[in-house]
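Engineer: Have a look at the structure that comes next, please.
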Amino acid sequence: MKHLMNMKIRFLILFISSFVLQAATPQGKTKEPLKIYQLGLEECWENNMSDYLEIVKIVPLETTKKSLLGRIYQVHVNNEEILVWDRSINKLLLFDTEGNFKTQIGSEGRGPKEYISISDISVKNSHDTIGIYDSKGHKILLFNNKNEFYGDFKVNSYFQSFEVWKDKQIVLYNRVVTRFPKDSKISNFCVYSFDGKLL
């Protein structure tokens, strides 16, 4: 089991479940309720995952020098693209659904369009807005799926996670209030506009 966990990822298996991911429902038909299964790591090894999911397609990801992966932390898939966040190499890479490398989103550094370290990402399903939270650089950076830079704005580094909301809003939150400085007036749930204004 240890060997399996430490193997380098050479390909990505896309799991699509008929009850988890659903296409738009045709008119006149009701949408099935979303079912969520929480499985621990041991249960994943012990159970047959085909009881829960259907393997629709196996996508080997391109392995050029620009697109090599170490340890995948998050994957976002739509009908056209696969967005992969690799924490071990501090990169966000975009592939098409055939596994061909398209581009890297953002780059590491200390410049105005760069991040020091990716702490969290938030992605709209269309991939037209991809947000990177750089807690070490104290900022949120916004890109699209062509790696075009929308802008960035400064935030406090006390937050753990964030989400890109509709109407060009960013929500930052932290479940652990003790991480905030003593007598801080900052809430553990803050909403910003894309231009960095606290709402």
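Letters A, B, ... go to the chains of the structure tokens in the order shown; residues in each chain start at 1; ligands are counted from 1 in the same order.
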Do a neighbour search on stretch 121-126 of chain A at 10 Å with only C-alpha atoms, toss out local chain neighbours closer than 5 positions, and write the hits as a PyMOL selection string.

Structural biologist: chain A and resi 74+76-81+83+85+92+131-134+140-145+161-166+170

Engineer: Could you turn the residues from that selection into a file that holds N, CA and C atoms, as a compact mmCIF listing (two decimals), in the first residue's frame?

Structural biologist:
```txt
# COMPACT_ATOMS: atom_id res chain seq x y z
N GLN A 74 -5.15 19.18 -6.33
CA GLN A 74 -6.53 19.42 -6.77
C GLN A 74 -6.61 19.30 -8.29
N HIS A 76 -9.54 20.20 -11.47
CA HIS A 76 -10.82 20.78 -11.89
C HIS A 76 -11.02 20.42 -13.36
N VAL A 77 -12.16 19.80 -13.65
CA VAL A 77 -12.42 19.31 -15.01
C VAL A 77 -13.72 19.91 -15.54
N ASN A 78 -13.68 20.37 -16.78
CA ASN A 78 -14.93 20.71 -17.49
C ASN A 78 -14.92 19.98 -18.83
N ASN A 79 -15.80 20.33 -19.73
CA ASN A 79 -15.90 19.61 -21.00
C ASN A 79 -14.72 19.83 -21.93
N GLU A 80 -13.90 20.83 -21.66
CA GLU A 80 -12.82 21.18 -22.57
C GLU A 80 -11.43 21.08 -21.96
N GLU A 81 -11.33 21.17 -20.62
CA GLU A 81 -10.00 21.30 -20.02
C GLU A 81 -9.89 20.55 -18.69
N LEU A 83 -7.65 21.20 -15.26
CA LEU A 83 -6.76 22.11 -14.53
C LEU A 83 -6.21 21.36 -13.32
N TRP A 85 -3.59 21.38 -9.98
CA TRP A 85 -2.74 22.10 -9.02
C TRP A 85 -1.80 21.09 -8.40
N LEU A 92 0.25 25.52 -11.34
CA LEU A 92 -1.12 25.29 -11.80
C LEU A 92 -1.04 25.08 -13.30
N GLY A 131 -8.66 31.82 -9.79
CA GLY A 131 -8.08 32.62 -8.71
C GLY A 131 -6.99 31.85 -7.98
N ILE A 132 -5.91 32.54 -7.66
CA ILE A 132 -4.81 31.97 -6.88
C ILE A 132 -4.66 32.80 -5.61
N TYR A 133 -4.69 32.13 -4.45
CA TYR A 133 -4.47 32.81 -3.18
C TYR A 133 -3.04 32.56 -2.75
N ASP A 134 -2.26 33.63 -2.68
CA ASP A 134 -0.86 33.57 -2.26
C ASP A 134 -0.78 34.18 -0.87
N ILE A 140 -4.46 38.00 -3.77
CA ILE A 140 -5.24 37.15 -4.66
C ILE A 140 -4.89 37.56 -6.09
N LEU A 141 -4.57 36.59 -6.94
CA LEU A 141 -4.30 36.86 -8.35
C LEU A 141 -5.40 36.22 -9.19
N LEU A 142 -5.83 36.90 -10.24
CA LEU A 142 -6.91 36.41 -11.10
C LEU A 142 -6.43 36.28 -12.54
N PHE A 143 -6.71 35.11 -13.14
CA PHE A 143 -6.32 34.81 -14.51
C PHE A 143 -7.51 34.20 -15.24
N ASN A 144 -7.39 34.06 -16.57
CA ASN A 144 -8.34 33.23 -17.30
C ASN A 144 -7.59 31.99 -17.81
N ASN A 145 -8.29 31.14 -18.56
CA ASN A 145 -7.69 29.88 -19.00
C ASN A 145 -6.68 30.04 -20.15
N SER A 161 -8.78 29.70 3.12
CA SER A 161 -9.40 29.34 1.84
C SER A 161 -10.16 30.52 1.26
N PHE A 162 -10.50 30.40 -0.04
CA PHE A 162 -11.31 31.43 -0.67
C PHE A 162 -12.09 30.82 -1.82
N GLU A 163 -13.11 31.54 -2.27
CA GLU A 163 -13.94 31.12 -3.40
C GLU A 163 -14.21 32.32 -4.29
N VAL A 164 -14.22 32.10 -5.60
CA VAL A 164 -14.64 33.12 -6.54
C VAL A 164 -16.16 32.99 -6.68
N TRP A 165 -16.89 34.04 -6.35
CA TRP A 165 -18.34 34.04 -6.44
C TRP A 165 -18.78 34.74 -7.72
N LYS A 166 -20.05 34.62 -8.01
CA LYS A 166 -20.60 35.34 -9.15
C LYS A 166 -20.56 36.85 -8.88
N ILE A 170 -15.06 37.91 -4.32
CA ILE A 170 -14.17 36.90 -3.72
C ILE A 170 -14.56 36.77 -2.25
```

Engineer: Got a sec: who's within 10 Å of stretch 148-159 of chain A, counting only C-alpha atoms, leaving out chain neighbours fewer than 3 positions off, as a PyMOL selection string?

Structural biologist: chain A and resi 105-106+112-114+119-120+128-145+162+172-181+186-190+192-198

Engineer: Write the selection just made, keeping N, CA and C atoms, as a tab-separated table (two decimals), in the first residue's frame?

Structural biologist:
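Saved the output as selection-v6.tsv:
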```tsv
chain	number	residue	atom	x	y	z
A	105	ILE	N	-0.78	28.41	-15.52
A	105	ILE	CA	-1.50	29.59	-15.06
A	105	ILE	C	-0.67	30.29	-13.99
A	106	GLY	N	-0.27	31.53	-14.28
A	106	GLY	CA	0.59	32.27	-13.36
A	106	GLY	C	1.99	31.67	-13.30
A	112	PRO	N	4.50	41.61	-9.87
A	112	PRO	CA	3.08	41.95	-9.75
A	112	PRO	C	2.14	40.88	-10.32
A	113	LYS	N	2.60	40.07	-11.26
A	113	LYS	CA	1.76	39.02	-11.84
A	113	LYS	C	2.17	37.63	-11.36
A	114	GLU	N	2.97	37.58	-10.29
A	114	GLU	CA	3.53	36.32	-9.81
A	114	GLU	C	3.11	36.03	-8.37
A	119	SER	N	-1.48	28.94	-1.96
A	119	SER	CA	-2.08	28.44	-0.72
A	119	SER	C	-3.45	27.83	-0.97
A	120	ASP	N	-4.16	28.35	-1.97
A	120	ASP	CA	-5.47	27.82	-2.34
A	120	ASP	C	-5.80	28.34	-3.74
A	128	ASP	N	-13.10	30.48	-17.00
A	128	ASP	CA	-12.84	31.85	-17.46
A	128	ASP	C	-12.32	32.73	-16.32
A	129	THR	N	-12.45	32.26	-15.09
A	129	THR	CA	-11.85	32.94	-13.95
A	129	THR	C	-11.16	31.91	-13.07
A	130	ILE	N	-9.85	32.08	-12.92
A	130	ILE	CA	-9.04	31.19	-12.08
A	130	ILE	C	-8.35	32.05	-11.05
A	131	GLY	N	-8.66	31.82	-9.79
A	131	GLY	CA	-8.08	32.62	-8.71
A	131	GLY	C	-6.99	31.85	-7.98
A	132	ILE	N	-5.91	32.54	-7.66
A	132	ILE	CA	-4.81	31.97	-6.88
A	132	ILE	C	-4.66	32.80	-5.61
A	133	TYR	N	-4.69	32.13	-4.45
A	133	TYR	CA	-4.47	32.81	-3.18
A	133	TYR	C	-3.04	32.56	-2.75
A	134	ASP	N	-2.26	33.63	-2.68
A	134	ASP	CA	-0.86	33.57	-2.26
A	134	ASP	C	-0.78	34.18	-0.87
A	135	SER	N	-0.84	33.32	0.17
A	135	SER	CA	-0.86	33.85	1.54
A	135	SER	C	0.50	34.44	1.93
A	136	LYS	N	1.59	33.93	1.36
A	136	LYS	CA	2.92	34.49	1.66
A	136	LYS	C	3.10	35.85	1.00
A	137	GLY	N	2.52	36.02	-0.19
A	137	GLY	CA	2.58	37.31	-0.88
A	137	GLY	C	1.44	38.23	-0.51
A	138	HIS	N	0.52	37.73	0.35
A	138	HIS	CA	-0.63	38.49	0.84
A	138	HIS	C	-1.49	39.04	-0.30
A	139	LYS	N	-1.82	38.18	-1.28
A	139	LYS	CA	-2.63	38.68	-2.39
A	139	LYS	C	-3.43	37.57	-3.06
A	140	ILE	N	-4.46	38.00	-3.77
A	140	ILE	CA	-5.24	37.15	-4.66
A	140	ILE	C	-4.89	37.56	-6.09
A	141	LEU	N	-4.57	36.59	-6.94
A	141	LEU	CA	-4.30	36.86	-8.35
A	141	LEU	C	-5.40	36.22	-9.19
A	142	LEU	N	-5.83	36.90	-10.24
A	142	LEU	CA	-6.91	36.41	-11.10
A	142	LEU	C	-6.43	36.28	-12.54
A	143	PHE	N	-6.71	35.11	-13.14
A	143	PHE	CA	-6.32	34.81	-14.51
A	143	PHE	C	-7.51	34.20	-15.24
A	144	ASN	N	-7.39	34.06	-16.57
A	144	ASN	CA	-8.34	33.23	-17.30
A	144	ASN	C	-7.59	31.99	-17.81
A	145	ASN	N	-8.29	31.14	-18.56
A	145	ASN	CA	-7.69	29.88	-19.00
A	145	ASN	C	-6.68	30.04	-20.15
A	162	PHE	N	-10.50	30.40	-0.04
A	162	PHE	CA	-11.31	31.43	-0.67
A	162	PHE	C	-12.09	30.82	-1.82
A	172	LEU	N	-13.26	35.15	1.32
A	172	LEU	CA	-12.18	34.53	2.07
A	172	LEU	C	-12.71	34.10	3.42
A	173	TYR	N	-12.27	32.93	3.88
A	173	TYR	CA	-12.76	32.48	5.18
A	173	TYR	C	-11.71	31.64	5.90
A	174	ASN	N	-11.89	31.54	7.19
A	174	ASN	CA	-11.00	30.78	8.05
A	174	ASN	C	-11.82	30.21	9.19
A	175	ARG	N	-11.77	28.90	9.34
A	175	ARG	CA	-12.55	28.27	10.40
A	175	ARG	C	-11.88	28.42	11.76
A	176	VAL	N	-10.58	28.72	11.79
A	176	VAL	CA	-9.84	28.82	13.04
A	176	VAL	C	-9.60	30.29	13.37
A	177	VAL	N	-10.45	30.86	14.21
A	177	VAL	CA	-10.37	32.29	14.53
A	177	VAL	C	-9.10	32.62	15.31
A	178	THR	N	-8.53	31.64	16.03
A	178	THR	CA	-7.33	31.89	16.84
A	178	THR	C	-6.13	32.26	15.99
A	179	ARG	N	-6.19	32.04	14.68
A	179	ARG	CA	-5.07	32.41	13.81
A	179	ARG	C	-4.99	33.92	13.60
A	180	PHE	N	-6.05	34.64	13.91
A	180	PHE	CA	-6.07	36.09	13.73
A	180	PHE	C	-5.31	36.76	14.88
A	181	PRO	N	-4.68	37.90	14.62
A	181	PRO	CA	-3.97	38.61	15.70
A	181	PRO	C	-4.92	39.01	16.81
A	186	ILE	N	-10.68	41.96	12.04
A	186	ILE	CA	-10.96	41.22	10.82
A	186	ILE	C	-11.89	40.06	11.13
A	187	SER	N	-12.90	39.89	10.31
A	187	SER	CA	-13.83	38.77	10.48
A	187	SER	C	-13.21	37.52	9.88
A	188	ASN	N	-13.69	36.35	10.32
A	188	ASN	CA	-13.20	35.11	9.71
A	188	ASN	C	-13.94	34.79	8.42
A	189	PHE	N	-14.76	35.72	7.95
A	189	PHE	CA	-15.49	35.57	6.69
A	189	PHE	C	-15.58	36.95	6.05
A	190	CYS	N	-14.85	37.18	4.97
A	190	CYS	CA	-14.81	38.50	4.34
A	190	CYS	C	-15.12	38.38	2.85
A	192	TYR	N	-14.75	40.40	-0.83
A	192	TYR	CA	-14.07	41.46	-1.56
A	192	TYR	C	-14.62	41.51	-2.99
A	193	SER	N	-14.57	42.68	-3.59
A	193	SER	CA	-14.84	42.80	-5.03
A	193	SER	C	-13.53	42.50	-5.77
A	194	PHE	N	-13.60	42.29	-7.09
A	194	PHE	CA	-12.43	41.97	-7.87
A	194	PHE	C	-11.39	43.10	-7.85
A	195	ASP	N	-11.82	44.33	-7.55
A	195	ASP	CA	-10.84	45.42	-7.50
A	195	ASP	C	-10.25	45.59	-6.10
A	196	GLY	N	-10.53	44.63	-5.20
A	196	GLY	CA	-9.90	44.63	-3.89
A	196	GLY	C	-10.62	45.39	-2.81
A	197	LYS	N	-11.84	45.86	-3.06
A	197	LYS	CA	-12.58	46.59	-2.04
A	197	LYS	C	-13.31	45.62	-1.11
A	198	LEU	N	-13.16	45.82	0.18
A	198	LEU	CA	-13.87	45.00	1.17
A	198	LEU	C	-15.33	45.39	1.17
```

Engineer: Quick one: pick out all strand (DSSP E) residues within stretch 36-145 of chain A from a backbone DSSP run and write them as a PyMOL selection string.

Structural biologist: chain A and resi 54-59+72-77+81-86+91-96+101-104+107-108+114-115+120-123+130-134+139-143
